[in-house]
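What follows is the content of my_file.pdb, which has PDB, C-alpha atoms, pLDDT in the B column:
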```pdb
ATOM      1  CA  MET Q   1    -142.589  13.719-182.868  1.00 43.00           C
ATOM      2  CA  ARG Q   2    -144.658  11.273-184.942  1.00 50.00           C
ATOM      3  CA  GLU Q   3    -143.293  10.696-188.440  1.00 65.00           C
ATOM      4  CA  HIS Q   4    -146.453   9.389-190.097  1.00 74.00           C
ATOM      5  CA  LEU Q   5    -150.014   8.265-189.505  1.00 81.00           C
ATOM      6  CA  THR Q   6    -151.078   4.631-189.117  1.00 89.00           C
ATOM      7  CA  TYR Q   7    -154.208   2.712-190.067  1.00 91.00           C
ATOM      8  CA  ALA Q   8    -155.412   3.101-186.470  1.00 89.00           C
ATOM      9  CA  ASP Q   9    -155.188   6.890-186.930  1.00 85.00           C
ATOM     10  CA  LEU Q  10    -157.040   6.641-190.243  1.00 86.00           C
ATOM     11  CA  ARG Q  11    -159.918   4.752-188.577  1.00 87.00           C
ATOM     12  CA  GLU Q  12    -160.310   7.712-186.197  1.00 86.00           C
ATOM     13  CA  MET Q  13    -160.748  10.296-188.984  1.00 82.00           C
ATOM     14  CA  PRO Q  14    -164.048  12.188-188.780  1.00 82.00           C
ATOM     15  CA  GLU Q  15    -166.885  11.518-191.212  1.00 83.00           C
ATOM     16  CA  ASP Q  16    -166.697  14.698-193.262  1.00 84.00           C
ATOM     17  CA  GLY Q  17    -167.628  13.600-196.789  1.00 80.00           C
ATOM     18  CA  TRP Q  18    -164.015  13.047-197.876  1.00 83.00           C
ATOM     19  CA  ARG Q  19    -162.378   9.695-198.655  1.00 86.00           C
ATOM     20  CA  TYR Q  20    -159.111   9.257-196.769  1.00 89.00           C
ATOM     21  CA  GLU Q  21    -156.274   6.894-197.543  1.00 91.00           C
ATOM     22  CA  LEU Q  22    -152.915   6.218-195.970  1.00 91.00           C
ATOM     23  CA  LEU Q  23    -150.322   6.251-198.746  1.00 92.00           C
ATOM     24  CA  GLU Q  24    -146.742   5.605-197.690  1.00 90.00           C
ATOM     25  CA  GLY Q  25    -147.537   7.037-194.260  1.00 87.00           C
ATOM     26  CA  ASP Q  26    -149.152  10.209-195.612  1.00 88.00           C
ATOM     27  CA  LEU Q  27    -152.820  11.061-195.255  1.00 88.00           C
ATOM     28  CA  VAL Q  28    -154.417  11.627-198.667  1.00 89.00           C
ATOM     29  CA  GLY Q  29    -157.967  12.976-198.906  1.00 88.00           C
ATOM     30  CA  SER Q  30    -160.327  13.141-201.857  1.00 87.00           C
ATOM     31  CA  PRO Q  31    -163.730  14.810-202.152  1.00 85.00           C
ATOM     32  CA  ALA Q  32    -166.736  12.886-203.411  1.00 85.00           C
ATOM     33  CA  PRO Q  33    -166.181  11.632-206.967  1.00 89.00           C
ATOM     34  CA  THR Q  34    -167.969  13.058-209.997  1.00 90.00           C
ATOM     35  CA  VAL Q  35    -171.066  11.469-211.489  1.00 92.00           C
ATOM     36  CA  ARG Q  36    -169.075  10.407-214.597  1.00 93.00           C
ATOM     37  CA  HIS Q  37    -166.544   8.704-212.307  1.00 93.00           C
ATOM     38  CA  GLN Q  38    -169.280   6.857-210.426  1.00 94.00           C
ATOM     39  CA  ARG Q  39    -171.048   5.793-213.639  1.00 95.00           C
ATOM     40  CA  THR Q  40    -167.740   4.357-214.865  1.00 96.00           C
ATOM     41  CA  VAL Q  41    -167.310   2.491-211.572  1.00 96.00           C
ATOM     42  CA  GLN Q  42    -170.816   1.041-211.988  1.00 96.00           C
ATOM     43  CA  LYS Q  43    -170.060  -0.223-215.487  1.00 96.00           C
ATOM     44  CA  VAL Q  44    -166.798  -1.919-214.470  1.00 97.00           C
ATOM     45  CA  ASN Q  45    -168.566  -3.280-211.388  1.00 97.00           C
ATOM     46  CA  ALA Q  46    -171.150  -4.943-213.661  1.00 96.00           C
ATOM     47  CA  LEU Q  47    -168.339  -6.920-215.318  1.00 96.00           C
ATOM     48  CA  LEU Q  48    -166.849  -7.919-211.977  1.00 97.00           C
ATOM     49  CA  MET Q  49    -170.266  -8.923-210.629  1.00 97.00           C
ATOM     50  CA  GLU Q  50    -170.553 -11.389-213.528  1.00 97.00           C
ATOM     51  CA  ALA Q  51    -167.342 -12.982-212.251  1.00 97.00           C
ATOM     52  CA  GLU Q  52    -168.749 -13.078-208.725  1.00 97.00           C
ATOM     53  CA  ARG Q  53    -171.998 -14.660-209.898  1.00 97.00           C
ATOM     54  CA  ALA Q  54    -169.932 -17.273-211.778  1.00 96.00           C
ATOM     55  CA  GLY Q  55    -168.278 -18.185-208.462  1.00 96.00           C
ATOM     56  CA  ALA Q  56    -164.800 -16.856-209.285  1.00 96.00           C
ATOM     57  CA  GLY Q  57    -164.565 -14.610-206.233  1.00 97.00           C
ATOM     58  CA  ILE Q  58    -165.999 -11.547-204.539  1.00 97.00           C
ATOM     59  CA  VAL Q  59    -166.208  -7.893-205.557  1.00 98.00           C
ATOM     60  CA  LEU Q  60    -166.141  -4.942-203.209  1.00 97.00           C
ATOM     61  CA  ALA Q  61    -166.499  -1.254-204.004  1.00 96.00           C
ATOM     62  CA  ALA Q  62    -165.339   1.873-202.225  1.00 92.00           C
ATOM     63  CA  PRO Q  63    -165.460   2.658-199.455  1.00 90.00           C
ATOM     64  CA  THR Q  64    -163.551  -0.497-198.509  1.00 94.00           C
ATOM     65  CA  ASP Q  65    -160.184  -0.218-196.811  1.00 95.00           C
ATOM     66  CA  VAL Q  66    -157.383  -2.340-198.244  1.00 97.00           C
ATOM     67  CA  VAL Q  67    -154.745  -2.546-195.523  1.00 97.00           C
ATOM     68  CA  LEU Q  68    -151.470  -3.548-197.145  1.00 97.00           C
ATOM     69  CA  ASP Q  69    -149.376  -2.386-194.185  1.00 94.00           C
ATOM     70  CA  PRO Q  70    -151.104  -0.915-191.092  1.00 91.00           C
ATOM     71  CA  ASP Q  71    -148.172   1.425-190.494  1.00 90.00           C
ATOM     72  CA  LEU Q  72    -147.908   2.836-194.021  1.00 91.00           C
ATOM     73  CA  ASN Q  73    -150.528   1.847-196.587  1.00 94.00           C
ATOM     74  CA  ALA Q  74    -154.291   1.583-196.204  1.00 95.00           C
ATOM     75  CA  LEU Q  75    -155.914   2.436-199.517  1.00 96.00           C
ATOM     76  CA  GLU Q  76    -159.466   2.696-200.780  1.00 95.00           C
ATOM     77  CA  PRO Q  77    -159.601   1.596-204.427  1.00 97.00           C
ATOM     78  CA  ASP Q  78    -162.748   2.145-206.449  1.00 96.00           C
ATOM     79  CA  LEU Q  79    -163.209  -1.606-206.933  1.00 98.00           C
ATOM     80  CA  LEU Q  80    -161.435  -4.774-205.916  1.00 98.00           C
ATOM     81  CA  PHE Q  81    -161.757  -8.455-206.688  1.00 98.00           C
ATOM     82  CA  ILE Q  82    -160.568 -11.357-204.541  1.00 98.00           C
ATOM     83  CA  ARG Q  83    -160.541 -14.955-205.756  1.00 97.00           C
ATOM     84  CA  ARG Q  84    -162.901 -17.186-203.809  1.00 95.00           C
ATOM     85  CA  ALA Q  85    -160.035 -19.322-202.445  1.00 95.00           C
ATOM     86  CA  ARG Q  86    -158.359 -16.264-200.866  1.00 97.00           C
ATOM     87  CA  ALA Q  87    -161.434 -14.408-199.589  1.00 95.00           C
ATOM     88  CA  ALA Q  88    -161.725 -16.333-196.304  1.00 93.00           C
ATOM     89  CA  TYR Q  89    -158.380 -15.100-195.037  1.00 93.00           C
ATOM     90  CA  LEU Q  90    -158.283 -11.610-196.585  1.00 97.00           C
ATOM     91  CA  VAL Q  91    -161.772 -10.285-195.817  1.00 96.00           C
ATOM     92  CA  THR Q  92    -162.342  -9.132-192.241  1.00 95.00           C
ATOM     93  CA  ASP Q  93    -165.357  -7.361-190.755  1.00 94.00           C
ATOM     94  CA  THR Q  94    -163.687  -3.965-191.150  1.00 93.00           C
ATOM     95  CA  HIS Q  95    -161.234  -4.196-194.051  1.00 95.00           C
ATOM     96  CA  ILE Q  96    -159.255  -6.265-196.531  1.00 97.00           C
ATOM     97  CA  ALA Q  97    -156.088  -7.509-194.807  1.00 97.00           C
ATOM     98  CA  GLY Q  98    -153.623  -7.896-197.666  1.00 97.00           C
ATOM     99  CA  ALA Q  99    -153.404  -7.699-201.430  1.00 98.00           C
ATOM    100  CA  PRO Q 100    -156.549  -8.329-203.494  1.00 98.00           C
ATOM    101  CA  ASP Q 101    -156.163 -10.178-206.811  1.00 98.00           C
ATOM    102  CA  LEU Q 102    -157.382  -7.194-208.844  1.00 98.00           C
ATOM    103  CA  ILE Q 103    -157.629  -3.515-208.012  1.00 98.00           C
ATOM    104  CA  VAL Q 104    -159.495  -1.033-210.213  1.00 98.00           C
ATOM    105  CA  GLU Q 105    -158.940   2.699-209.981  1.00 97.00           C
ATOM    106  CA  VAL Q 106    -161.066   5.052-212.080  1.00 97.00           C
ATOM    107  CA  LEU Q 107    -158.817   7.958-212.948  1.00 95.00           C
ATOM    108  CA  SER Q 108    -159.700  11.605-212.628  1.00 91.00           C
ATOM    109  CA  PRO Q 109    -157.566  14.630-213.493  1.00 90.00           C
ATOM    110  CA  ARG Q 110    -157.027  15.179-209.759  1.00 88.00           C
ATOM    111  CA  SER Q 111    -155.887  11.593-209.046  1.00 89.00           C
ATOM    112  CA  LEU Q 112    -154.147  10.663-212.301  1.00 91.00           C
ATOM    113  CA  GLU Q 113    -150.582  11.205-211.107  1.00 93.00           C
ATOM    114  CA  ARG Q 114    -151.152   9.483-207.774  1.00 93.00           C
ATOM    115  CA  ASP Q 115    -153.032   6.505-209.275  1.00 94.00           C
ATOM    116  CA  LEU Q 116    -150.448   5.899-212.006  1.00 95.00           C
ATOM    117  CA  GLY Q 117    -147.473   6.752-209.791  1.00 95.00           C
ATOM    118  CA  THR Q 118    -147.326   6.109-206.068  1.00 95.00           C
ATOM    119  CA  LYS Q 119    -150.417   3.902-205.830  1.00 96.00           C
ATOM    120  CA  GLN Q 120    -149.320   1.759-208.755  1.00 97.00           C
ATOM    121  CA  ARG Q 121    -145.887   1.236-207.161  1.00 96.00           C
ATOM    122  CA  VAL Q 122    -147.463   0.408-203.790  1.00 97.00           C
ATOM    123  CA  TYR Q 123    -149.875  -2.104-205.356  1.00 98.00           C
ATOM    124  CA  ALA Q 124    -146.967  -3.812-207.140  1.00 98.00           C
ATOM    125  CA  HIS Q 125    -144.796  -3.803-204.014  1.00 97.00           C
ATOM    126  CA  TYR Q 126    -147.468  -5.602-202.004  1.00 97.00           C
ATOM    127  CA  GLY Q 127    -148.170  -8.133-204.759  1.00 97.00           C
ATOM    128  CA  VAL Q 128    -151.501  -7.121-206.314  1.00 98.00           C
ATOM    129  CA  PRO Q 129    -151.398  -9.332-209.451  1.00 98.00           C
ATOM    130  CA  PHE Q 130    -153.676  -7.193-211.641  1.00 98.00           C
ATOM    131  CA  TYR Q 131    -154.294  -3.443-211.649  1.00 98.00           C
ATOM    132  CA  TRP Q 132    -156.710  -1.705-214.018  1.00 98.00           C
ATOM    133  CA  ALA Q 133    -156.530   2.079-214.434  1.00 98.00           C
ATOM    134  CA  VAL Q 134    -159.779   3.109-216.107  1.00 98.00           C
ATOM    135  CA  ASP Q 135    -159.714   6.555-217.719  1.00 97.00           C
ATOM    136  CA  PRO Q 136    -163.155   7.973-218.569  1.00 95.00           C
ATOM    137  CA  GLU Q 137    -161.551  11.133-220.004  1.00 94.00           C
ATOM    138  CA  ALA Q 138    -159.526   9.165-222.597  1.00 95.00           C
ATOM    139  CA  ASP Q 139    -161.971   6.217-222.890  1.00 96.00           C
ATOM    140  CA  THR Q 140    -159.151   3.768-222.134  1.00 97.00           C
ATOM    141  CA  VAL Q 141    -158.323   0.981-219.720  1.00 98.00           C
ATOM    142  CA  ARG Q 142    -154.674   0.411-218.800  1.00 98.00           C
ATOM    143  CA  VAL Q 143    -154.200  -3.203-217.807  1.00 98.00           C
ATOM    144  CA  PHE Q 144    -151.184  -3.838-215.586  1.00 98.00           C
ATOM    145  CA  GLU Q 145    -150.001  -7.362-214.766  1.00 98.00           C
ATOM    146  CA  LEU Q 146    -147.454  -8.064-212.071  1.00 97.00           C
ATOM    147  CA  ASP Q 147    -144.131  -9.428-213.267  1.00 96.00           C
ATOM    148  CA  GLY Q 148    -141.870  -9.991-210.269  1.00 94.00           C
ATOM    149  CA  PRO Q 149    -141.725  -6.850-208.129  1.00 94.00           C
ATOM    150  CA  THR Q 150    -143.168  -4.483-210.767  1.00 95.00           C
ATOM    151  CA  TYR Q 151    -145.906  -4.310-213.352  1.00 97.00           C
ATOM    152  CA  ARG Q 152    -145.219  -5.031-216.983  1.00 96.00           C
ATOM    153  CA  ARG Q 153    -145.727  -2.178-219.414  1.00 96.00           C
ATOM    154  CA  PRO Q 154    -149.519  -1.751-219.509  1.00 97.00           C
ATOM    155  CA  VAL Q 155    -151.718  -2.960-222.290  1.00 97.00           C
ATOM    156  CA  ILE Q 156    -153.863   0.031-223.248  1.00 98.00           C
ATOM    157  CA  LEU Q 157    -157.357  -0.945-224.359  1.00 98.00           C
ATOM    158  CA  ARG Q 158    -159.761   1.378-226.166  1.00 97.00           C
ATOM    159  CA  GLY Q 159    -162.748   1.336-228.490  1.00 94.00           C
ATOM    160  CA  GLY Q 160    -163.422  -2.138-229.875  1.00 95.00           C
ATOM    161  CA  HIS Q 161    -160.856  -3.885-227.677  1.00 97.00           C
ATOM    162  CA  VAL Q 162    -162.211  -6.456-225.250  1.00 97.00           C
ATOM    163  CA  LEU Q 163    -161.361  -6.301-221.537  1.00 97.00           C
ATOM    164  CA  THR Q 164    -160.720  -9.725-219.988  1.00 96.00           C
ATOM    165  CA  CYS Q 165    -158.836 -11.087-216.997  1.00 97.00           C
ATOM    166  CA  PRO Q 166    -157.274 -14.511-216.313  1.00 96.00           C
ATOM    167  CA  LEU Q 167    -158.950 -14.459-212.890  1.00 96.00           C
ATOM    168  CA  PHE Q 168    -162.339 -15.014-214.524  1.00 96.00           C
ATOM    169  CA  PRO Q 169    -161.979 -16.586-217.986  1.00 94.00           C
ATOM    170  CA  GLY Q 170    -164.910 -16.267-220.365  1.00 93.00           C
ATOM    171  CA  ILE Q 171    -166.154 -13.021-218.838  1.00 95.00           C
ATOM    172  CA  SER Q 172    -165.458  -9.880-220.838  1.00 95.00           C
ATOM    173  CA  VAL Q 173    -166.713  -6.489-221.943  1.00 96.00           C
ATOM    174  CA  CYS Q 174    -166.082  -4.330-224.970  1.00 96.00           C
ATOM    175  CA  VAL Q 175    -164.164  -1.268-223.781  1.00 97.00           C
ATOM    176  CA  ALA Q 176    -166.405   1.071-225.806  1.00 96.00           C
ATOM    177  CA  ASP Q 177    -169.388  -0.206-223.784  1.00 95.00           C
ATOM    178  CA  LEU Q 178    -167.732   0.906-220.535  1.00 94.00           C
ATOM    179  CA  PHE Q 179    -167.790   4.516-221.704  1.00 94.00           C
ATOM    180  CA  ARG Q 180    -171.002   4.584-223.754  1.00 91.00           C
ATOM    181  CA  GLY Q 181    -173.641   6.908-222.330  1.00 84.00           C
ATOM    182  CA  LEU Q 182    -171.458   8.552-219.688  1.00 73.00           C
TER     183      LEU Q 182
END
```

Entire entry expressed as structure tokens:
Amino acid sequence: MREHLTYADLREMPEDGWRYELLEGDLVGSPAPTVRHQRTVQKVNALLMEAERAGAGIVLAAPTDVVLDPDLNALEPDLLFIRRARAAYLVTDTHIAGAPDLIVEVLSPRSLERDLGTKQRVYAHYGVPFYWAVDPEADTVRVFELDGPTYRRPVILRGGHVLTCPLFPGISVCVADLFRGL
């Protein structure tokens, strides 16, 4: 009897309006995100697109498979950023083959535990240097930076704090602006 699904199995899933991920060998499905979630994704994407336009790397949004291990972990983060120097060997026609430099997950009450628990541990294990957990319910951004095999305690940004990233110096956004008008 088969113990878990693989990325090959995931690619065979029917188009049914759900987003599917392979998380530690388990199939995880999510319905379409809310409008508030998608508006938050758009606002963070605007910041990342500035970095892309500046030549720092490339940005991709869901649905984009990030295959960290084809037998156990193929995830679909809301946004990802890959430095220009790494893009040529990570980006394939069908998926990202390895750890992006930055992953952004927009939290929802349904995904909060998974995004800040299992997914966070998996991203750290596979060497994703930066992980942002954006919470439109709390108007906060938790910034995780890899330190060895785990993330350091997150820096929690809110209100007038400014969100930056060493991957694209000089590009920033006021956290309050990410949540204004949602």

What's the separation between atom CA of Q:Trp132 and atom CA of Q:Leu102, in Å to one decimal place?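 Here the two named atoms are 7.6 Å from each other.
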
Show me, as lines of an AutoDock Vina configuration file, the centre and edge lengths in Å to one decimal of the axis-aligned box that covers every listed atom of stretch 78-90 of chain Q with 5 Å on each side.
```
center_x = -160.7
center_y = -8.6
center_z = -201.0
size_x = 14.9
size_y = 31.5
size_z = 21.9
```

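Evaluated against the shown file, the PyMOL selection byres ((chain Q and resi 51) around 10) gives Q:Asn45, Q:Ala46, Q:Leu47, Q:Leu48, Q:Met49, Q:Glu50, Q:Glu52, Q:Arg53, Q:Ala54, Q:Gly55, Q:Ala56, Q:Gly57, Q:Ile58, Q:Val59, Q:Phe81, Q:Arg83, Q:Cys165, Q:Leu167, Q:Phe168, Q:Pro169, Q:Gly170, Q:Ile171, Q:Ser172.
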
Can those selected residues be exported to a file as a JSON list (two decimals), in the coordinates of the input so that it contains C-alpha atoms?
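Result file is part18.json:
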```json
[["chain", "number", "residue", "atom", "x", "y", "z"],
["Q", 45, "ASN", "CA", -168.57, -3.28, -211.39],
["Q", 46, "ALA", "CA", -171.15, -4.94, -213.66],
["Q", 47, "LEU", "CA", -168.34, -6.92, -215.32],
["Q", 48, "LEU", "CA", -166.85, -7.92, -211.98],
["Q", 49, "MET", "CA", -170.27, -8.92, -210.63],
["Q", 50, "GLU", "CA", -170.55, -11.39, -213.53],
["Q", 52, "GLU", "CA", -168.75, -13.08, -208.72],
["Q", 53, "ARG", "CA", -172.00, -14.66, -209.90],
["Q", 54, "ALA", "CA", -169.93, -17.27, -211.78],
["Q", 55, "GLY", "CA", -168.28, -18.18, -208.46],
["Q", 56, "ALA", "CA", -164.80, -16.86, -209.28],
["Q", 57, "GLY", "CA", -164.56, -14.61, -206.23],
["Q", 58, "ILE", "CA", -166.00, -11.55, -204.54],
["Q", 59, "VAL", "CA", -166.21, -7.89, -205.56],
["Q", 81, "PHE", "CA", -161.76, -8.46, -206.69],
["Q", 83, "ARG", "CA", -160.54, -14.96, -205.76],
["Q", 165, "CYS", "CA", -158.84, -11.09, -217.00],
["Q", 167, "LEU", "CA", -158.95, -14.46, -212.89],
["Q", 168, "PHE", "CA", -162.34, -15.01, -214.52],
["Q", 169, "PRO", "CA", -161.98, -16.59, -217.99],
["Q", 170, "GLY", "CA", -164.91, -16.27, -220.36],
["Q", 171, "ILE", "CA", -166.15, -13.02, -218.84],
["Q", 172, "SER", "CA", -165.46, -9.88, -220.84]]
```

Enter the distance from atom CA of Q:His161 to atom CA of Q:Leu112, in Å, rounded to one decimal. 22.2 Å

Interatomic distance between atom CA of Q:Gln38 and atom CA of Q:Ala176?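 Atom-to-atom, atom CA of Q:Gln38 and atom CA of Q:Ala176 are spaced 16.7 Å apart.
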
Contacts of Q:Arg11 within 12 Å, all atoms listed in the file, excl. fewer than 4 positions in-chain, as a list in words: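 Answer for this query is Leu5, Thr6, Tyr7, Glu15, Arg19, Tyr20, Glu21, Leu22, Leu27, Thr64, Asp65, Val67, Pro70, Ala74, Leu75, Thr94 and His95 of chain Q.
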
Resulting file, chosen residues, C-alpha atoms, as an mmCIF file, in the coordinates of the input:
```cif
data_model
loop_
_atom_site.group_PDB
_atom_site.id
_atom_site.type_symbol
_atom_site.label_atom_id
_atom_site.label_comp_id
_atom_site.auth_asym_id
_atom_site.auth_seq_id
_atom_site.Cartn_x
_atom_site.Cartn_y
_atom_site.Cartn_z
ATOM 1 C CA LEU Q 5 -150.014 8.265 -189.505
ATOM 2 C CA THR Q 6 -151.078 4.631 -189.117
ATOM 3 C CA TYR Q 7 -154.208 2.712 -190.067
ATOM 4 C CA GLU Q 15 -166.885 11.518 -191.212
ATOM 5 C CA ARG Q 19 -162.378 9.695 -198.655
ATOM 6 C CA TYR Q 20 -159.111 9.257 -196.769
ATOM 7 C CA GLU Q 21 -156.274 6.894 -197.543
ATOM 8 C CA LEU Q 22 -152.915 6.218 -195.970
ATOM 9 C CA LEU Q 27 -152.820 11.061 -195.255
ATOM 10 C CA THR Q 64 -163.551 -0.497 -198.509
ATOM 11 C CA ASP Q 65 -160.184 -0.218 -196.811
ATOM 12 C CA VAL Q 67 -154.745 -2.546 -195.523
ATOM 13 C CA PRO Q 70 -151.104 -0.915 -191.092
ATOM 14 C CA ALA Q 74 -154.291 1.583 -196.204
ATOM 15 C CA LEU Q 75 -155.914 2.436 -199.517
ATOM 16 C CA THR Q 94 -163.687 -3.965 -191.150
ATOM 17 C CA HIS Q 95 -161.234 -4.196 -194.051
#
```

For the structure provided, state which residues fall under the PyMOL selection byres ((chain Q and resi 110) around 12), and present them as a PyMOL selection string. chain Q and resi 28-34+37+106-109+111-116+137

With distances taken over all atoms listed in the file, which residue among Q:Leu146, Q:Ala88, Q:Ala97, Q:Ile82 lies nearest Q:Gln120?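 Looking only at the distances to Q:Gln120, the closest residue turns out to be Q:Leu146.
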
Stretch 122-130 of chain Q surroundings by all atoms listed in the file, 6 Å radius, close-in-sequence under 3 positions cut, as a PyMOL selection string: chain Q and resi 99-102+119+144-146+149-150

For Q:Val91, which residue out of Q:Leu23, Q:Asp147, Q:Val66, Q:Gly117 is the nearest one, using all atoms listed in the file?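 Answer, going by the shortest atom-to-atom distance: Q:Val66.
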
Report as a list of chain:residue names all protein, DNA and RNA residues lying within 8 Å of Q:Val173, evaluated on all atoms listed in the file, omitting residues in the same chain fewer than 3 positions from it. Q:Leu47, Q:Val162, Q:Leu163, Q:Thr164, Q:Asp177, Q:Leu178

Between Q:Ala61, Q:Glu105, Q:Ala87, Q:Leu72, which has the minimum distance to Q:Pro136 (counting all atoms listed in the file)?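 Using all atoms listed in the file, the shortest distance to Q:Pro136 belongs to Q:Glu105.
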